[in-house]
Each structure stands twice: as C-alpha cells, then as structure tokens.
Amino acid sequence: LFWSCSSTKHVPEGKYLVDKVSIKIEDSKDISSSELHNYLRQIPNHKVLGFFKLQLATYNISGRDTSKWHNRWFQKLGQAPVIYDQQLTDISTKQLTLAMVNKGYLDATVSVDTVMRPSKKKINVNYIIHAGQPHKVSSVSYDIADSTIRNIVMRDTANFDIKPGDLLN
C-alpha cells in the first residue's frame with residue numbers, strides 16, 4: 001500500500017513526473033496568470049484539496065501486469081502520471097506568446113525555467129512572461145460613403161466596444 005503512495009511508481013527511468021506548473025507575469029498587472037492556464041499543453045495531475053493527487057494514487061495502486069483485471073480496473077479508475085515532454089513545453093510557450101499578442105502585448109516574450117529533482121523523478125515547469133508595453137487604440141474613425149448608413153451607425157457610437165485608449169485586443 002505504501003508503494004502505491006509513491007507518485008513516481010509508474011514513471012519510467014530517465015523520465016520525470018510533472019509536479020508543478022506555474023505562470024509568472026512580469027511587468028503587467030492587467031493580466032492574471034489564471035486566465036492563461038488554458039494555453040498550457042501539459043499540466044500536472046489533478047489535486048484534491050490542493051495537495052493530494054488522489055487520481056494518481058489510485059492509478060499507482062495498480063501493478064505493472066495489465067493482464068490482471070484489478071490492475072486494469074485501477075488504471076481506468078485513476079489518472080496516469082503526466083510525464084514531462086519538452087515538445088509540449090515548447091508548444092505551450094508558443095501558445096502563451098500568441099495569447100499575449102492577442103491581448104495587445106505584441107512584444108511579449110515567454111521563457112521557461114525547469115527545476116528537475118532527479119532523486120525524486122519530478123520536475124517543476126515555470127513559465128515567465130515578460131509582457132512589455134501594451135499596444136492601445138489611439139483613435140477610431142469611420143469612413144462610410146453612404147450618408148444614410150453613416151447616420152444610422154454614428155447614432156449608436158456610444159455603445160461601441162472599441163474606444164480610444166482601449167487595449168488592442
């Protein structure tokens with residue numbers, strides 16, 4: 001039973017279990033890291049009550065012999081360990097950069113810091129985003145040739161979503 005508590009029981013040699021993933025945004029208070037988590041391609045196993053990886057522990061109760069029904073049952077019931085993949089980290093970096101560009105931070109850069117713990121076969125992945133200066137809408141103008149349509153459109157300008165000073169989002 002104690003062996004099943006080892007979160008790295010099913011992690012192959014030379015591989016690492018993704019233990020923690022964090023996003024830190026430098027030089028911008030307008031964006032929260034929680035709204036960027038959807039762009040990550042590799043997240044750690046789900047935690048219950050913020051610290052216990054119940055689904056991973058259930059998976060780890062199973063043995064390596066998949067010909068036995070109870071091992072297959074525990075594996076289906078649980079969640080396999082999330083093994084670190086450098087390609088997924090690179091894709092996440094690109095996705096985070098594109099998300100920042102879409103939010104108006106055209107000069108944003110994303111760097112990755114990984115902290116490996118070889119003795120525990122675990123890795124922490126930290127994404128550091130340097131947002132830079134946001135690009136903002138300086139002015140809004142309308143060029144509508146038809147005067148009837150122009151009058152209809154201009155009557156409703158107070159309800160327009162885009163205003164000068166808004167982020168180029």
# chains A, B, ... in the order shown; residues from 1 in each chain; ligands from 1
call {"tool": "closest_atom_pairs", "arguments": {"of": "segment 71-95 of chain A", "to": "segment 117-134 of chain A", "cutoff": "12 Å", "atoms": "only C-alpha atoms", "output": "JSON lines"}}
result
{"residue": "A:Pro81", "atom": "CA", "partner": "A:Lys122", "partner_atom": "CA", "distance": 10.7}
{"residue": "A:Val82", "atom": "CA", "partner": "A:Lys122", "partner_atom": "CA", "distance": 10.2}
{"residue": "A:Ile83", "atom": "CA", "partner": "A:Lys122", "partner_atom": "CA", "distance": 9.0}
{"residue": "A:Tyr84", "atom": "CA", "partner": "A:Ile123", "partner_atom": "CA", "distance": 7.5}
{"residue": "A:Asp85", "atom": "CA", "partner": "A:Ile123", "partner_atom": "CA", "distance": 10.7}
{"residue": "A:Gln86", "atom": "CA", "partner": "A:Val125", "partner_atom": "CA", "distance": 10.3}
{"residue": "A:Leu88", "atom": "CA", "partner": "A:Val125", "partner_atom": "CA", "distance": 11.4}
{"residue": "A:Thr89", "atom": "CA", "partner": "A:Val125", "partner_atom": "CA", "distance": 8.4}
{"residue": "A:Asp90", "atom": "CA", "partner": "A:Tyr127", "partner_atom": "CA", "distance": 10.6}
{"residue": "A:Ser92", "atom": "CA", "partner": "A:Tyr127", "partner_atom": "CA", "distance": 9.0}
{"residue": "A:Thr93", "atom": "CA", "partner": "A:Tyr127", "partner_atom": "CA", "distance": 7.6}
{"residue": "A:Lys94", "atom": "CA", "partner": "A:Tyr127", "partner_atom": "CA", "distance": 11.2}
{"residue": "A:Gln95", "atom": "CA", "partner": "A:Tyr127", "partner_atom": "CA", "distance": 11.6}
call {"tool": "write_last_selection", "arguments": {"atoms": "N, CA and C atoms", "output": "PDB file, in the first residue's frame"}}
result
ATOM      1  N   PRO A  81       0.302   9.031 -14.677  1.00  0.00           N
ATOM      2  CA  PRO A  81       1.195  10.153 -14.359  1.00  0.00           C
ATOM      3  C   PRO A  81       1.478  10.993 -15.604  1.00  0.00           C
ATOM      4  N   VAL A  82       1.552  12.304 -15.420  1.00  0.00           N
ATOM      5  CA  VAL A  82       1.868  13.213 -16.521  1.00  0.00           C
ATOM      6  C   VAL A  82       3.389  13.268 -16.628  1.00  0.00           C
ATOM      7  N   ILE A  83       3.903  12.718 -17.707  1.00  0.00           N
ATOM      8  CA  ILE A  83       5.344  12.648 -17.940  1.00  0.00           C
ATOM      9  C   ILE A  83       5.783  13.895 -18.710  1.00  0.00           C
ATOM     10  N   TYR A  84       6.878  14.512 -18.272  1.00  0.00           N
ATOM     11  CA  TYR A  84       7.379  15.736 -18.905  1.00  0.00           C
ATOM     12  C   TYR A  84       7.768  15.476 -20.354  1.00  0.00           C
ATOM     13  N   ASP A  85       7.347  16.387 -21.233  1.00  0.00           N
ATOM     14  CA  ASP A  85       7.656  16.311 -22.659  1.00  0.00           C
ATOM     15  C   ASP A  85       8.100  17.698 -23.114  1.00  0.00           C
ATOM     16  N   GLN A  86       9.348  17.811 -23.555  1.00  0.00           N
ATOM     17  CA  GLN A  86       9.907  19.098 -23.971  1.00  0.00           C
ATOM     18  C   GLN A  86       9.127  19.700 -25.135  1.00  0.00           C
ATOM     19  N   LEU A  88       5.911  19.495 -25.751  1.00  0.00           N
ATOM     20  CA  LEU A  88       4.691  20.113 -25.234  1.00  0.00           C
ATOM     21  C   LEU A  88       4.998  21.426 -24.515  1.00  0.00           C
ATOM     22  N   THR A  89       6.150  21.498 -23.877  1.00  0.00           N
ATOM     23  CA  THR A  89       6.565  22.743 -23.241  1.00  0.00           C
ATOM     24  C   THR A  89       6.818  23.816 -24.292  1.00  0.00           C
ATOM     25  N   ASP A  90       7.455  23.448 -25.387  1.00  0.00           N
ATOM     26  CA  ASP A  90       7.700  24.397 -26.483  1.00  0.00           C
ATOM     27  C   ASP A  90       6.384  24.883 -27.095  1.00  0.00           C
ATOM     28  N   SER A  92       3.482  25.000 -25.564  1.00  0.00           N
ATOM     29  CA  SER A  92       2.858  25.871 -24.562  1.00  0.00           C
ATOM     30  C   SER A  92       3.476  27.257 -24.594  1.00  0.00           C
ATOM     31  N   THR A  93       4.783  27.334 -24.774  1.00  0.00           N
ATOM     32  CA  THR A  93       5.470  28.626 -24.862  1.00  0.00           C
ATOM     33  C   THR A  93       4.940  29.435 -26.045  1.00  0.00           C
ATOM     34  N   LYS A  94       4.794  28.780 -27.189  1.00  0.00           N
ATOM     35  CA  LYS A  94       4.261  29.462 -28.374  1.00  0.00           C
ATOM     36  C   LYS A  94       2.816  29.892 -28.155  1.00  0.00           C
ATOM     37  N   GLN A  95       2.021  29.034 -27.543  1.00  0.00           N
ATOM     38  CA  GLN A  95       0.616  29.355 -27.291  1.00  0.00           C
ATOM     39  C   GLN A  95       0.485  30.542 -26.332  1.00  0.00           C
TER      40      GLN A  95
END
call {"tool": "select_by_dssp", "arguments": {"residues": "chain A", "states": "alpha helix (DSSP H)", "output": "NGL selection string"}}
result
:A and (2-5 or 54-61 or 69-77 or 86-102 or 147-155)
call {"tool": "residues_around", "arguments": {"residues": "segment 53-66 of chain A", "least_positions_apart": "4", "cutoff": "10 Å", "atoms": "only C-alpha atoms", "output": "mmCIF file with N, CA and C atoms, in the first residue's frame"}}
result
data_model
loop_
_atom_site.group_PDB
_atom_site.id
_atom_site.type_symbol
_atom_site.label_atom_id
_atom_site.label_comp_id
_atom_site.auth_asym_id
_atom_site.auth_seq_id
_atom_site.Cartn_x
_atom_site.Cartn_y
_atom_site.Cartn_z
ATOM 1 N N LEU A 1 0.824 -1.202 0.000
ATOM 2 C CA LEU A 1 0.000 0.000 0.000
ATOM 3 C C LEU A 1 0.862 1.256 0.000
ATOM 4 N N PHE A 2 1.986 1.236 0.763
ATOM 5 C CA PHE A 2 2.862 2.415 0.780
ATOM 6 C C PHE A 2 3.513 2.636 -0.575
ATOM 7 N N TRP A 3 3.805 1.524 -1.291
ATOM 8 C CA TRP A 3 4.397 1.662 -2.618
ATOM 9 C C TRP A 3 3.434 2.374 -3.553
ATOM 10 N N SER A 4 2.131 2.181 -3.366
ATOM 11 C CA SER A 4 1.156 2.859 -4.223
ATOM 12 C C SER A 4 1.126 4.353 -3.949
ATOM 13 N N CYS A 5 1.593 4.771 -2.774
ATOM 14 C CA CYS A 5 1.620 6.199 -2.445
ATOM 15 C C CYS A 5 2.736 6.932 -3.174
ATOM 16 N N SER A 6 3.708 6.198 -3.687
ATOM 17 C CA SER A 6 4.784 6.825 -4.432
ATOM 18 C C SER A 6 4.219 7.364 -5.737
ATOM 19 N N SER A 7 4.290 8.665 -5.906
ATOM 20 C CA SER A 7 3.700 9.276 -7.102
ATOM 21 C C SER A 7 4.486 8.964 -8.367
ATOM 22 N N THR A 8 5.710 8.460 -8.222
ATOM 23 C CA THR A 8 6.538 8.178 -9.397
ATOM 24 C C THR A 8 6.665 6.678 -9.666
ATOM 25 N N LYS A 9 5.769 5.887 -9.121
ATOM 26 C CA LYS A 9 5.822 4.433 -9.279
ATOM 27 C C LYS A 9 5.812 4.022 -10.750
ATOM 28 N N HIS A 10 4.985 4.660 -11.557
ATOM 29 C CA HIS A 10 4.856 4.297 -12.971
ATOM 30 C C HIS A 10 5.617 5.248 -13.905
ATOM 31 N N PRO A 44 0.041 19.312 -14.436
ATOM 32 C CA PRO A 44 0.243 18.177 -13.537
ATOM 33 C C PRO A 44 -1.062 17.445 -13.245
ATOM 34 N N ASN A 45 -0.910 16.278 -12.647
ATOM 35 C CA ASN A 45 -2.089 15.502 -12.258
ATOM 36 C C ASN A 45 -2.954 16.311 -11.308
ATOM 37 N N HIS A 46 -4.264 16.039 -11.370
ATOM 38 C CA HIS A 46 -5.250 16.756 -10.561
ATOM 39 C C HIS A 46 -5.012 16.534 -9.066
ATOM 40 N N LYS A 47 -5.165 17.609 -8.294
ATOM 41 C CA LYS A 47 -5.008 17.524 -6.843
ATOM 42 C C LYS A 47 -6.365 17.691 -6.163
ATOM 43 N N VAL A 48 -6.572 16.919 -5.114
ATOM 44 C CA VAL A 48 -7.766 17.020 -4.288
ATOM 45 C C VAL A 48 -7.374 17.783 -3.027
ATOM 46 N N LEU A 49 -8.177 18.760 -2.658
ATOM 47 C CA LEU A 49 -7.904 19.620 -1.501
ATOM 48 C C LEU A 49 -6.587 20.376 -1.635
ATOM 49 N N HIS A 70 -7.758 -6.528 -11.974
ATOM 50 C CA HIS A 70 -7.762 -5.470 -10.963
ATOM 51 C C HIS A 70 -6.756 -4.366 -11.277
ATOM 52 N N ASN A 71 -5.647 -4.724 -11.912
ATOM 53 C CA ASN A 71 -4.683 -3.688 -12.331
ATOM 54 C C ASN A 71 -5.289 -2.783 -13.404
ATOM 55 N N ARG A 72 -5.951 -3.404 -14.393
ATOM 56 C CA ARG A 72 -6.607 -2.609 -15.445
ATOM 57 C C ARG A 72 -7.716 -1.734 -14.857
ATOM 58 N N TRP A 73 -8.449 -2.274 -13.885
ATOM 59 C CA TRP A 73 -9.551 -1.533 -13.263
ATOM 60 C C TRP A 73 -9.030 -0.300 -12.521
ATOM 61 N N PHE A 74 -7.950 -0.460 -11.729
ATOM 62 C CA PHE A 74 -7.379 0.681 -11.015
ATOM 63 C C PHE A 74 -6.813 1.716 -11.983
ATOM 64 N N GLN A 75 -6.241 1.254 -13.098
ATOM 65 C CA GLN A 75 -5.695 2.192 -14.080
ATOM 66 C C GLN A 75 -6.802 2.983 -14.766
ATOM 67 N N LYS A 76 -7.940 2.332 -15.037
ATOM 68 C CA LYS A 76 -9.066 3.048 -15.637
ATOM 69 C C LYS A 76 -9.691 4.021 -14.653
ATOM 70 N N LEU A 77 -9.709 3.634 -13.396
ATOM 71 C CA LEU A 77 -10.306 4.461 -12.353
ATOM 72 C C LEU A 77 -9.442 5.692 -12.043
ATOM 73 N N GLY A 78 -8.145 5.532 -12.146
ATOM 74 C CA GLY A 78 -7.219 6.615 -11.807
ATOM 75 C C GLY A 78 -6.802 7.435 -13.011
ATOM 76 N N GLN A 79 -5.715 8.175 -12.816
ATOM 77 C CA GLN A 79 -5.151 9.022 -13.874
ATOM 78 C C GLN A 79 -3.665 8.708 -13.984
ATOM 79 N N ALA A 80 -3.220 8.405 -15.189
ATOM 80 C CA ALA A 80 -1.810 8.079 -15.421
ATOM 81 C C ALA A 80 -0.931 9.276 -15.079
ATOM 82 N N PRO A 81 0.302 9.031 -14.677
ATOM 83 C CA PRO A 81 1.195 10.153 -14.359
ATOM 84 C C PRO A 81 1.478 10.993 -15.604
ATOM 85 N N VAL A 82 1.552 12.304 -15.420
ATOM 86 C CA VAL A 82 1.868 13.213 -16.521
ATOM 87 C C VAL A 82 3.389 13.268 -16.628
#
call {"tool": "closest_residue", "arguments": {"among": "A:Leu40, A:Val110, A:Lys103, A:Leu167", "to": "Lys24 of chain A", "atoms": "only C-alpha atoms"}}
result
A:Val110
call {"tool": "select_by_dssp", "arguments": {"residues": "chain A", "states": "strand (DSSP E)", "output": "list in words"}}
result
Leu17, Val18, Asp19, Lys20, Val21, Ser22, Ile23, Lys24, Ile25, Glu26, Thr109, Val110, Ser111, Val112, Asp113, Thr114, Val115, Met116, Arg117, Lys122, Ile123, Asn124, Val125, Asn126, Tyr127, Ile128, Ile129 and His130 of chain A
call {"tool": "atom_distance", "arguments": {"atom1": "atom CA of Gly104 of chain A", "atom2": "atom CA of Leu168 of chain A"}}
result
4.6 Å
call {"tool": "atom_distance", "arguments": {"atom1": "atom CA of Leu96 of chain A", "atom2": "atom CA of Val21 of chain A"}}
result
13.4 Å
call {"tool": "closest_residue", "arguments": {"among": "A:Met116, A:Ile162, A:Arg150, A:Thr157", "to": "Ser138 of chain A", "atoms": "only C-alpha atoms"}}
result
A:Ile162
call {"tool": "atom_distance", "arguments": {"atom1": "atom CA of His135 of chain A", "atom2": "atom CA of Asp161 of chain A"}}
result
16.5 Å
call {"tool": "closest_residue", "arguments": {"among": "A:Leu98, A:Ile25, A:Leu17, A:Ile31", "to": "Ile43 of chain A", "atoms": "only C-alpha atoms"}}
result
A:Leu17
